[in-house]
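Pasted below: data_36.cif, mmCIF, C-alpha atoms.
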data_coords
#
loop_
_atom_site.label_atom_id
_atom_site.label_comp_id
_atom_site.auth_asym_id
_atom_site.auth_seq_id
_atom_site.Cartn_x
_atom_site.Cartn_y
_atom_site.Cartn_z
CA LYS A 153 -65.22 -66.72 21.52
CA ALA A 154 -68.33 -64.81 22.55
CA GLY A 155 -67.81 -61.53 24.34
CA VAL A 156 -69.38 -60.19 27.50
CA THR A 157 -73.15 -60.01 27.25
CA GLN A 158 -75.49 -57.84 29.29
CA THR A 159 -79.25 -57.92 29.57
CA PRO A 160 -81.41 -56.04 29.21
CA ARG A 161 -79.84 -53.40 26.98
CA TYR A 162 -82.36 -50.72 27.93
CA LEU A 163 -84.55 -50.18 30.98
CA ILE A 164 -86.97 -47.46 32.00
CA LYS A 165 -88.03 -47.36 35.65
CA THR A 166 -89.64 -44.88 38.00
CA ARG A 167 -88.29 -43.53 41.26
CA GLY A 168 -88.61 -45.92 44.17
CA GLN A 169 -88.63 -49.06 42.04
CA GLN A 170 -85.86 -51.62 42.02
CA VAL A 171 -83.99 -53.12 39.09
CA THR A 172 -81.81 -56.16 38.38
CA LEU A 173 -79.22 -56.22 35.63
CA SER A 174 -77.48 -59.32 34.34
CA CYS A 175 -74.00 -59.99 33.00
CA SER A 176 -72.52 -63.10 31.40
CA PRO A 177 -68.72 -62.99 31.25
CA ILE A 178 -66.44 -64.35 28.56
CA SER A 179 -66.19 -68.11 28.83
CA GLY A 180 -63.45 -69.02 31.28
CA HIS A 181 -63.38 -65.62 32.95
CA ARG A 182 -64.04 -65.76 36.67
CA SER A 183 -63.85 -62.11 37.69
CA VAL A 184 -66.72 -59.74 36.98
CA SER A 185 -66.63 -56.01 37.72
CA TRP A 186 -69.45 -53.48 37.47
CA TYR A 187 -69.12 -49.79 36.58
CA GLN A 188 -71.51 -46.88 36.37
CA GLN A 189 -70.91 -44.41 33.54
CA THR A 190 -72.44 -40.94 33.50
CA PRO A 191 -71.51 -37.92 31.38
CA GLY A 192 -70.35 -35.93 34.40
CA GLN A 193 -68.48 -38.58 36.37
CA GLY A 194 -67.15 -40.94 33.73
CA LEU A 195 -66.73 -44.60 34.66
CA GLN A 196 -66.95 -45.28 38.36
CA PHE A 197 -66.27 -48.63 39.94
CA LEU A 198 -69.15 -50.30 41.77
CA PHE A 199 -67.85 -53.71 42.82
CA GLU A 200 -66.01 -56.82 41.72
CA TYR A 201 -66.91 -60.45 42.18
CA PHE A 202 -64.68 -63.48 42.01
CA SER A 203 -65.68 -67.05 42.82
CA GLU A 204 -69.08 -65.90 44.05
CA THR A 205 -67.49 -63.49 46.57
CA GLN A 206 -67.38 -59.72 46.50
CA ARG A 207 -63.69 -58.88 46.44
CA ASN A 208 -63.70 -55.10 45.98
CA LYS A 209 -66.30 -52.40 46.48
CA GLY A 210 -66.44 -48.78 45.34
CA ASN A 211 -68.01 -45.80 47.09
CA PHE A 212 -71.66 -46.37 46.31
CA PRO A 213 -74.55 -46.58 48.78
CA GLY A 214 -75.91 -49.88 50.00
CA ARG A 215 -78.82 -49.61 47.54
CA PHE A 216 -76.37 -51.00 45.00
CA SER A 217 -75.67 -54.68 45.46
CA GLY A 218 -74.61 -57.63 43.42
CA ARG A 219 -73.94 -61.31 43.37
CA GLN A 220 -72.16 -63.90 41.32
CA PHE A 221 -73.26 -67.42 40.53
CA SER A 222 -71.20 -70.59 40.30
CA ASN A 223 -71.05 -70.27 36.49
CA SER A 224 -69.50 -66.77 36.94
CA ARG A 225 -72.60 -64.98 35.68
CA SER A 226 -73.32 -61.91 37.76
CA GLU A 227 -76.31 -59.77 38.63
CA MET A 228 -76.45 -56.24 39.94
CA ASN A 229 -79.43 -54.89 41.85
CA VAL A 230 -80.37 -51.30 42.60
CA SER A 231 -83.16 -50.75 45.10
CA THR A 232 -85.22 -47.62 45.71
CA LEU A 233 -84.17 -46.01 42.46
CA GLU A 234 -83.35 -42.30 42.36
CA LEU A 235 -83.23 -39.96 39.37
CA GLY A 236 -79.45 -39.80 39.72
CA ASP A 237 -79.16 -43.53 39.10
CA SER A 238 -79.85 -42.94 35.41
CA ALA A 239 -76.66 -44.11 33.71
CA LEU A 240 -75.01 -46.69 31.52
CA TYR A 241 -74.12 -49.70 33.65
CA LEU A 242 -71.16 -51.64 32.34
CA CYS A 243 -69.97 -55.06 33.24
CA ALA A 244 -66.39 -56.18 32.60
CA SER A 245 -64.88 -59.63 32.88
CA SER A 246 -61.31 -60.81 33.30
CA LEU A 247 -59.64 -64.16 33.78
CA VAL A 248 -58.94 -64.07 37.48
CA GLY A 249 -58.67 -60.38 38.26
CA GLY A 250 -55.82 -58.79 40.14
CA GLY A 251 -52.32 -58.60 38.74
CA THR A 252 -52.60 -56.93 35.38
CA ASP A 253 -55.55 -58.83 33.96
CA THR A 254 -57.22 -56.98 31.11
CA GLN A 255 -60.90 -56.22 31.65
CA TYR A 256 -63.21 -56.76 28.67
CA PHE A 257 -66.44 -54.83 28.68
CA GLY A 258 -69.98 -55.67 27.65
CA PRO A 259 -72.23 -53.29 25.69
CA GLY A 260 -73.87 -51.99 28.85
CA THR A 261 -77.40 -51.55 30.13
CA ARG A 262 -78.87 -48.08 29.72
CA LEU A 263 -81.04 -47.34 32.76
CA THR A 264 -83.37 -44.38 32.73
CA VAL A 265 -85.14 -43.43 35.96
CA LEU A 266 -88.20 -41.20 35.60
CA GLU B 32 -55.16 -40.00 46.38
CA ASP B 33 -54.86 -41.78 43.04
CA GLN B 34 -55.80 -39.59 40.09
CA VAL B 35 -56.06 -40.02 36.35
CA THR B 36 -56.44 -36.96 34.10
CA GLN B 37 -56.96 -36.99 30.36
CA SER B 38 -56.44 -34.10 27.98
CA PRO B 39 -57.74 -32.58 25.89
CA GLU B 40 -61.41 -33.25 26.67
CA ALA B 41 -62.27 -32.97 23.01
CA LEU B 42 -60.19 -32.94 19.83
CA ARG B 43 -61.20 -32.28 16.24
CA LEU B 44 -58.78 -33.33 13.52
CA GLN B 45 -58.83 -33.25 9.76
CA GLU B 46 -58.43 -36.62 8.15
CA GLY B 47 -54.69 -37.32 7.93
CA GLU B 48 -53.76 -34.80 10.63
CA SER B 49 -51.73 -36.65 13.27
CA SER B 50 -51.99 -35.79 16.96
CA SER B 51 -51.59 -37.14 20.50
CA LEU B 52 -53.90 -37.70 23.44
CA ASN B 53 -52.54 -37.45 26.97
CA CYS B 54 -53.25 -39.45 30.11
CA SER B 55 -51.43 -38.25 33.21
CA TYR B 56 -51.60 -40.17 36.45
CA THR B 57 -50.70 -39.72 40.06
CA VAL B 58 -50.83 -43.14 41.65
CA SER B 59 -48.72 -45.24 43.90
CA GLY B 60 -47.65 -48.64 42.73
CA LEU B 61 -48.77 -48.61 39.08
CA ARG B 62 -49.37 -52.15 37.87
CA GLY B 63 -50.78 -51.38 34.47
CA LEU B 64 -52.15 -48.60 32.29
CA PHE B 65 -54.91 -49.48 29.85
CA TRP B 66 -56.26 -47.68 26.80
CA TYR B 67 -59.82 -48.25 25.59
CA ARG B 68 -61.89 -46.90 22.75
CA GLN B 69 -65.60 -46.27 23.28
CA ASP B 70 -68.14 -45.62 20.55
CA PRO B 71 -71.45 -43.93 21.43
CA GLY B 72 -73.87 -46.29 23.17
CA LYS B 73 -71.34 -49.11 23.38
CA GLY B 74 -69.00 -50.54 25.98
CA PRO B 75 -65.28 -49.69 25.98
CA GLU B 76 -63.19 -51.73 23.58
CA PHE B 77 -59.71 -52.76 24.76
CA LEU B 78 -56.76 -51.32 22.83
CA PHE B 79 -53.50 -51.60 24.79
CA THR B 80 -51.93 -52.43 28.12
CA LEU B 81 -48.65 -50.80 29.19
CA TYR B 82 -46.80 -52.05 32.25
CA SER B 83 -43.59 -50.05 32.66
CA ALA B 84 -42.03 -46.74 31.71
CA GLY B 85 -40.49 -46.81 28.25
CA GLU B 86 -42.90 -49.38 26.92
CA GLU B 87 -44.62 -48.80 23.57
CA LYS B 88 -47.43 -50.66 21.81
CA GLU B 89 -48.77 -50.17 18.27
CA LYS B 90 -51.91 -51.15 16.46
CA GLU B 91 -52.68 -49.83 12.99
CA ARG B 92 -52.70 -46.01 13.25
CA LEU B 93 -52.43 -46.00 17.05
CA LYS B 94 -49.30 -46.03 19.19
CA ALA B 95 -49.32 -45.91 22.98
CA THR B 96 -46.32 -44.90 25.08
CA LEU B 97 -45.74 -44.76 28.82
CA THR B 98 -43.51 -42.67 31.08
CA LYS B 99 -43.40 -42.56 34.86
CA LYS B 100 -46.08 -39.87 35.00
CA GLU B 101 -48.09 -40.07 31.80
CA SER B 102 -49.10 -42.01 28.75
CA PHE B 103 -49.66 -40.79 25.23
CA LEU B 104 -51.88 -42.23 22.55
CA HIS B 105 -50.48 -41.11 19.21
CA ILE B 106 -52.82 -41.21 16.23
CA THR B 107 -51.08 -41.15 12.87
CA ALA B 108 -52.98 -40.07 9.74
CA PRO B 109 -56.39 -40.59 11.37
CA LYS B 110 -59.49 -41.58 9.43
CA PRO B 111 -63.13 -40.71 10.19
CA GLU B 112 -63.65 -44.22 11.60
CA ASP B 113 -61.16 -43.37 14.36
CA SER B 114 -63.74 -40.96 15.78
CA ALA B 115 -64.61 -42.17 19.29
CA THR B 116 -63.94 -41.45 22.94
CA TYR B 117 -60.59 -42.74 24.11
CA LEU B 118 -60.34 -43.74 27.76
CA CYS B 119 -57.33 -44.55 29.85
CA ALA B 120 -57.43 -46.50 33.09
CA VAL B 121 -54.88 -47.47 35.70
CA GLN B 122 -54.63 -50.44 37.97
CA THR B 123 -52.47 -50.03 41.05
CA SER B 124 -51.20 -52.15 43.89
CA ASN B 125 -53.73 -50.36 46.12
CA THR B 126 -56.78 -51.10 44.04
CA GLY B 127 -56.82 -54.84 43.54
CA ASN B 128 -58.71 -55.46 40.33
CA GLN B 129 -60.34 -52.04 40.36
CA PHE B 130 -59.60 -49.77 37.42
CA TYR B 131 -59.50 -46.00 37.85
CA PHE B 132 -60.65 -44.34 34.65
CA GLY B 133 -59.98 -40.90 33.27
CA THR B 134 -62.95 -39.00 31.85
CA GLY B 135 -61.80 -39.55 28.30
CA THR B 136 -60.92 -37.60 25.16
CA SER B 137 -63.64 -37.29 22.55
CA LEU B 138 -61.98 -37.46 19.13
CA THR B 139 -63.70 -36.33 15.94
CA VAL B 140 -61.95 -36.86 12.62
CA ILE B 141 -63.40 -34.75 9.81
CA PRO B 142 -63.21 -36.09 6.23
#

The structure in this file should be written as structure tokens.
Amino acid sequence: KAGVTQTPRYLIKTRGQQVTLSCSPISGHRSVSWYQQTPGQGLQFLFEYFSETQRNKGNFPGRFSGRQFSNSRSEMNVSTLELGDSALYLCASSLVGGGTDTQYFGPGTRLTVL
Amino acid sequence: EDQVTQSPEALRLQEGESSSLNCSYTVSGLRGLFWYRQDPGKGPEFLFTLYSAGEEKEKERLKATLTKKESFLHITAPKPEDSATYLCAVQTSNTGNQFYFGTGTSLTVIP
């Protein structure tokens, strides 16, 4: 079974631009979560989507948004990029989320903001 | 406030030298504790899930244990290919599907 895929793998943007990242979950998984990973802060939760609805949200500004499509694929958008947004963005999928579902991670998208 | 702390931050071992990594947590309503391995530039790879105190899981040279306040990842006779960052995460009744991650232990195994 194919794992979680994320595109693109690498992105370079400049301050003020916006960016969209994509995540395809494991087949049959309906919950998709997004995390930001930086050397100083570790993995921090951004949001979770299930059945096209945002179910949980972390403490990130409104510049970070996401959506999920009917096939469970998810996109994350960051508007008005700042230097501090440079990070590895990870997507994780699980069957239905909640309970003690295991989250399986994709390889991540490395975003560099210049 | 829920907290997850991993120690040590970094660990260097000689090949074959066994050791343990610690993950201590202060959370209410623990539903699961997860261990992941992360190689540089890659996403975390799932290792174990522990649900209740006293539970143990094993996989090759790795053994994870859980108490009411902490979890240990024991590495027996490590090999250089075990070098990676090991992350623990907790899921609680307060967090829905959100995982709280520790900052990880960077393990280097020297041949």

Taking only C-alpha atoms into account, find every residue of chain B that has an atom no more than 7 Å from chain A, and write it out as a PyMOL selection string. chain B and resi 62-63+73-77+127-129+132+134

Taking the file as shown, find all residues satisfying the PyMOL selection byres ((chain B and resi 43-57) around 8) and write them as a compact mmCIF listing (two decimals) with C-alpha atoms, in the frame of the given file.
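Listing of expr_3.txt after writing:
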# COMPACT_ATOMS: atom_id res chain seq x y z
CA GLU B 32 -55.16 -40.00 46.38
CA ASP B 33 -54.86 -41.78 43.04
CA GLN B 34 -55.80 -39.59 40.09
CA VAL B 35 -56.06 -40.02 36.35
CA THR B 36 -56.44 -36.96 34.10
CA GLN B 37 -56.96 -36.99 30.36
CA SER B 38 -56.44 -34.10 27.98
CA PRO B 39 -57.74 -32.58 25.89
CA ALA B 41 -62.27 -32.97 23.01
CA LEU B 42 -60.19 -32.94 19.83
CA VAL B 58 -50.83 -43.14 41.65
CA SER B 59 -48.72 -45.24 43.90
CA LYS B 100 -46.08 -39.87 35.00
CA GLU B 101 -48.09 -40.07 31.80
CA SER B 102 -49.10 -42.01 28.75
CA PHE B 103 -49.66 -40.79 25.23
CA LEU B 104 -51.88 -42.23 22.55
CA HIS B 105 -50.48 -41.11 19.21
CA ILE B 106 -52.82 -41.21 16.23
CA THR B 107 -51.08 -41.15 12.87
CA ALA B 108 -52.98 -40.07 9.74
CA PRO B 109 -56.39 -40.59 11.37
CA LYS B 110 -59.49 -41.58 9.43
CA PRO B 111 -63.13 -40.71 10.19
CA CYS B 119 -57.33 -44.55 29.85
CA GLY B 133 -59.98 -40.90 33.27
CA THR B 136 -60.92 -37.60 25.16
CA LEU B 138 -61.98 -37.46 19.13
CA THR B 139 -63.70 -36.33 15.94
CA VAL B 140 -61.95 -36.86 12.62
CA ILE B 141 -63.40 -34.75 9.81
CA PRO B 142 -63.21 -36.09 6.23

In Å, how far is it from atom CA of Thr157 of chain A to atom CA of Ser224 of chain A?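 Between these atoms lies a distance of 12.4 Å.
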
Skip Thr116 of chain B itself and residues of its chain fewer than 5 positions away, then list as a PyMOL selection string all residues within 7 Å of it, counting all atoms listed in the file. chain B and resi 68-70+135-138

Evaluating the PyMOL selection byres ((chain A and resi 158-171) around 6) on the displayed file yields which residues, as number ranges by chain? A: 157, 172, 174-175, 229-234, 261-266

Skip Gly85 of chain B itself and residues of its chain fewer than 4 positions away, then list as a PyMOL selection string all residues within 9 Å of it, counting only C-alpha atoms. chain B and resi 96-99

Could you check how far atom CA of Gln220 of chain A sits from atom CA of Leu235 of chain A, in Å to one decimal? 26.4 Å

Who sits within 9 Å of Phe65 of chain B, all atoms listed in the file, same chain under 4 positions skipped, as a PDB file with C-alpha atoms, keeping the file's coordinate frame:
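Output file part-v7.pdb follows:
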ATOM      1  CA  THR A 254     -57.220 -56.980  31.110  1.00  0.00           C
TER       2      THR A 254
ATOM      3  CA  PHE B  77     -59.710 -52.760  24.760  1.00  0.00           C
ATOM      4  CA  LEU B  78     -56.760 -51.320  22.830  1.00  0.00           C
ATOM      5  CA  PHE B  79     -53.500 -51.600  24.790  1.00  0.00           C
ATOM      6  CA  THR B  80     -51.930 -52.430  28.120  1.00  0.00           C
ATOM      7  CA  LEU B  81     -48.650 -50.800  29.190  1.00  0.00           C
ATOM      8  CA  TYR B  82     -46.800 -52.050  32.250  1.00  0.00           C
ATOM      9  CA  LEU B 118     -60.340 -43.740  27.760  1.00  0.00           C
ATOM     10  CA  CYS B 119     -57.330 -44.550  29.850  1.00  0.00           C
ATOM     11  CA  ALA B 120     -57.430 -46.500  33.090  1.00  0.00           C
ATOM     12  CA  VAL B 121     -54.880 -47.470  35.700  1.00  0.00           C
ATOM     13  CA  GLN B 122     -54.630 -50.440  37.970  1.00  0.00           C
ATOM     14  CA  PHE B 130     -59.600 -49.770  37.420  1.00  0.00           C
TER      15      PHE B 130
END

For the atom pair atom CA of Ile178 of chain A and atom CA of Lys88 of chain B, what is the interatomic distance in Å to one decimal place? 24.4 Å

For each of A:Leu173, A:Ser179, A:Gly155, A:Ser203, take the minimum atom-to-atom distance to Ser217 of chain A, counting all atoms listed in the file, then give the residue where this is smallest. A:Leu173

Generate the coordinates of all heavy atoms for segment 185-196 of chain A; report them as an mmCIF file, in the frame of the given file.
data_model
loop_
_atom_site.group_PDB
_atom_site.id
_atom_site.type_symbol
_atom_site.label_atom_id
_atom_site.label_comp_id
_atom_site.auth_asym_id
_atom_site.auth_seq_id
_atom_site.Cartn_x
_atom_site.Cartn_y
_atom_site.Cartn_z
ATOM 1 N N SER A 185 -66.569 -57.326 37.092
ATOM 2 C CA SER A 185 -66.630 -56.010 37.720
ATOM 3 C C SER A 185 -67.781 -55.217 37.121
ATOM 4 O O SER A 185 -68.118 -55.397 35.949
ATOM 5 C CB SER A 185 -65.323 -55.238 37.498
ATOM 6 O OG SER A 185 -64.233 -55.897 38.087
ATOM 7 N N TRP A 186 -68.350 -54.339 37.921
ATOM 8 C CA TRP A 186 -69.450 -53.480 37.470
ATOM 9 C C TRP A 186 -69.026 -52.021 37.596
ATOM 10 O O TRP A 186 -68.387 -51.622 38.589
ATOM 11 C CB TRP A 186 -70.698 -53.712 38.314
ATOM 12 C CG TRP A 186 -71.377 -55.018 38.064
ATOM 13 C CD1 TRP A 186 -71.123 -56.215 38.681
ATOM 14 C CD2 TRP A 186 -72.444 -55.263 37.131
ATOM 15 N NE1 TRP A 186 -71.963 -57.189 38.191
ATOM 16 C CE2 TRP A 186 -72.778 -56.628 37.243
ATOM 17 C CE3 TRP A 186 -73.145 -54.470 36.224
ATOM 18 C CZ2 TRP A 186 -73.790 -57.215 36.481
ATOM 19 C CZ3 TRP A 186 -74.144 -55.040 35.471
ATOM 20 C CH2 TRP A 186 -74.471 -56.401 35.596
ATOM 21 N N TYR A 187 -69.413 -51.218 36.595
ATOM 22 C CA TYR A 187 -69.120 -49.790 36.580
ATOM 23 C C TYR A 187 -70.392 -49.025 36.226
ATOM 24 O O TYR A 187 -71.237 -49.502 35.468
ATOM 25 C CB TYR A 187 -68.051 -49.465 35.531
ATOM 26 C CG TYR A 187 -66.678 -50.003 35.844
ATOM 27 C CD1 TYR A 187 -66.343 -51.310 35.499
ATOM 28 C CD2 TYR A 187 -65.722 -49.217 36.460
ATOM 29 C CE1 TYR A 187 -65.080 -51.822 35.776
ATOM 30 C CE2 TYR A 187 -64.453 -49.717 36.749
ATOM 31 C CZ TYR A 187 -64.151 -51.014 36.400
ATOM 32 O OH TYR A 187 -62.898 -51.511 36.674
ATOM 33 N N GLN A 188 -70.464 -47.814 36.754
ATOM 34 C CA GLN A 188 -71.510 -46.880 36.370
ATOM 35 C C GLN A 188 -70.861 -45.780 35.529
ATOM 36 O O GLN A 188 -69.832 -45.230 35.927
ATOM 37 C CB GLN A 188 -72.152 -46.259 37.617
ATOM 38 C CG GLN A 188 -73.271 -45.279 37.309
ATOM 39 C CD GLN A 188 -73.649 -44.425 38.502
ATOM 40 O OE1 GLN A 188 -72.868 -43.604 38.977
ATOM 41 N NE2 GLN A 188 -74.871 -44.606 39.006
ATOM 42 N N GLN A 189 -71.454 -45.473 34.384
ATOM 43 C CA GLN A 189 -70.910 -44.410 33.540
ATOM 44 C C GLN A 189 -71.954 -43.329 33.339
ATOM 45 O O GLN A 189 -73.057 -43.587 32.856
ATOM 46 C CB GLN A 189 -70.465 -44.959 32.179
ATOM 47 C CG GLN A 189 -69.755 -43.910 31.331
ATOM 48 C CD GLN A 189 -69.221 -44.474 30.029
ATOM 49 O OE1 GLN A 189 -69.786 -45.392 29.456
ATOM 50 N NE2 GLN A 189 -68.091 -43.931 29.565
ATOM 51 N N THR A 190 -71.598 -42.108 33.710
ATOM 52 C CA THR A 190 -72.440 -40.940 33.500
ATOM 53 C C THR A 190 -71.609 -39.871 32.819
ATOM 54 O O THR A 190 -70.383 -39.859 32.944
ATOM 55 C CB THR A 190 -72.982 -40.384 34.830
ATOM 56 O OG1 THR A 190 -71.866 -40.060 35.684
ATOM 57 C CG2 THR A 190 -73.878 -41.392 35.530
ATOM 58 N N PRO A 191 -72.268 -38.945 32.099
ATOM 59 C CA PRO A 191 -71.510 -37.920 31.380
ATOM 60 C C PRO A 191 -70.633 -37.076 32.315
ATOM 61 O O PRO A 191 -69.524 -36.711 31.960
ATOM 62 C CB PRO A 191 -72.600 -37.071 30.734
ATOM 63 C CG PRO A 191 -73.754 -38.001 30.576
ATOM 64 C CD PRO A 191 -73.698 -38.895 31.782
ATOM 65 N N GLY A 192 -71.103 -36.803 33.506
ATOM 66 C CA GLY A 192 -70.350 -35.930 34.400
ATOM 67 C C GLY A 192 -69.231 -36.610 35.158
ATOM 68 O O GLY A 192 -68.192 -36.020 35.423
ATOM 69 N N GLN A 193 -69.420 -37.880 35.493
ATOM 70 C CA GLN A 193 -68.480 -38.580 36.370
ATOM 71 C C GLN A 193 -67.613 -39.600 35.644
ATOM 72 O O GLN A 193 -66.667 -40.131 36.226
ATOM 73 C CB GLN A 193 -69.255 -39.301 37.484
ATOM 74 C CG GLN A 193 -70.053 -38.387 38.386
ATOM 75 C CD GLN A 193 -69.167 -37.514 39.224
ATOM 76 O OE1 GLN A 193 -68.128 -37.950 39.723
ATOM 77 N NE2 GLN A 193 -69.546 -36.254 39.380
ATOM 78 N N GLY A 194 -67.930 -39.909 34.414
ATOM 79 C CA GLY A 194 -67.150 -40.940 33.730
ATOM 80 C C GLY A 194 -67.470 -42.317 34.290
ATOM 81 O O GLY A 194 -68.539 -42.539 34.853
ATOM 82 N N LEU A 195 -66.512 -43.244 34.150
ATOM 83 C CA LEU A 195 -66.730 -44.600 34.660
ATOM 84 C C LEU A 195 -66.325 -44.668 36.122
ATOM 85 O O LEU A 195 -65.197 -44.339 36.483
ATOM 86 C CB LEU A 195 -65.886 -45.618 33.894
ATOM 87 C CG LEU A 195 -66.499 -46.174 32.635
ATOM 88 C CD1 LEU A 195 -65.991 -45.401 31.446
ATOM 89 C CD2 LEU A 195 -66.142 -47.645 32.474
ATOM 90 N N GLN A 196 -67.244 -45.126 36.940
ATOM 91 C CA GLN A 196 -66.950 -45.280 38.360
ATOM 92 C C GLN A 196 -67.198 -46.718 38.778
ATOM 93 O O GLN A 196 -68.228 -47.311 38.441
ATOM 94 C CB GLN A 196 -67.810 -44.317 39.178
ATOM 95 C CG GLN A 196 -67.473 -42.854 38.906
ATOM 96 C CD GLN A 196 -68.021 -41.947 39.965
ATOM 97 O OE1 GLN A 196 -69.223 -41.814 40.124
ATOM 98 N NE2 GLN A 196 -67.136 -41.339 40.730
#
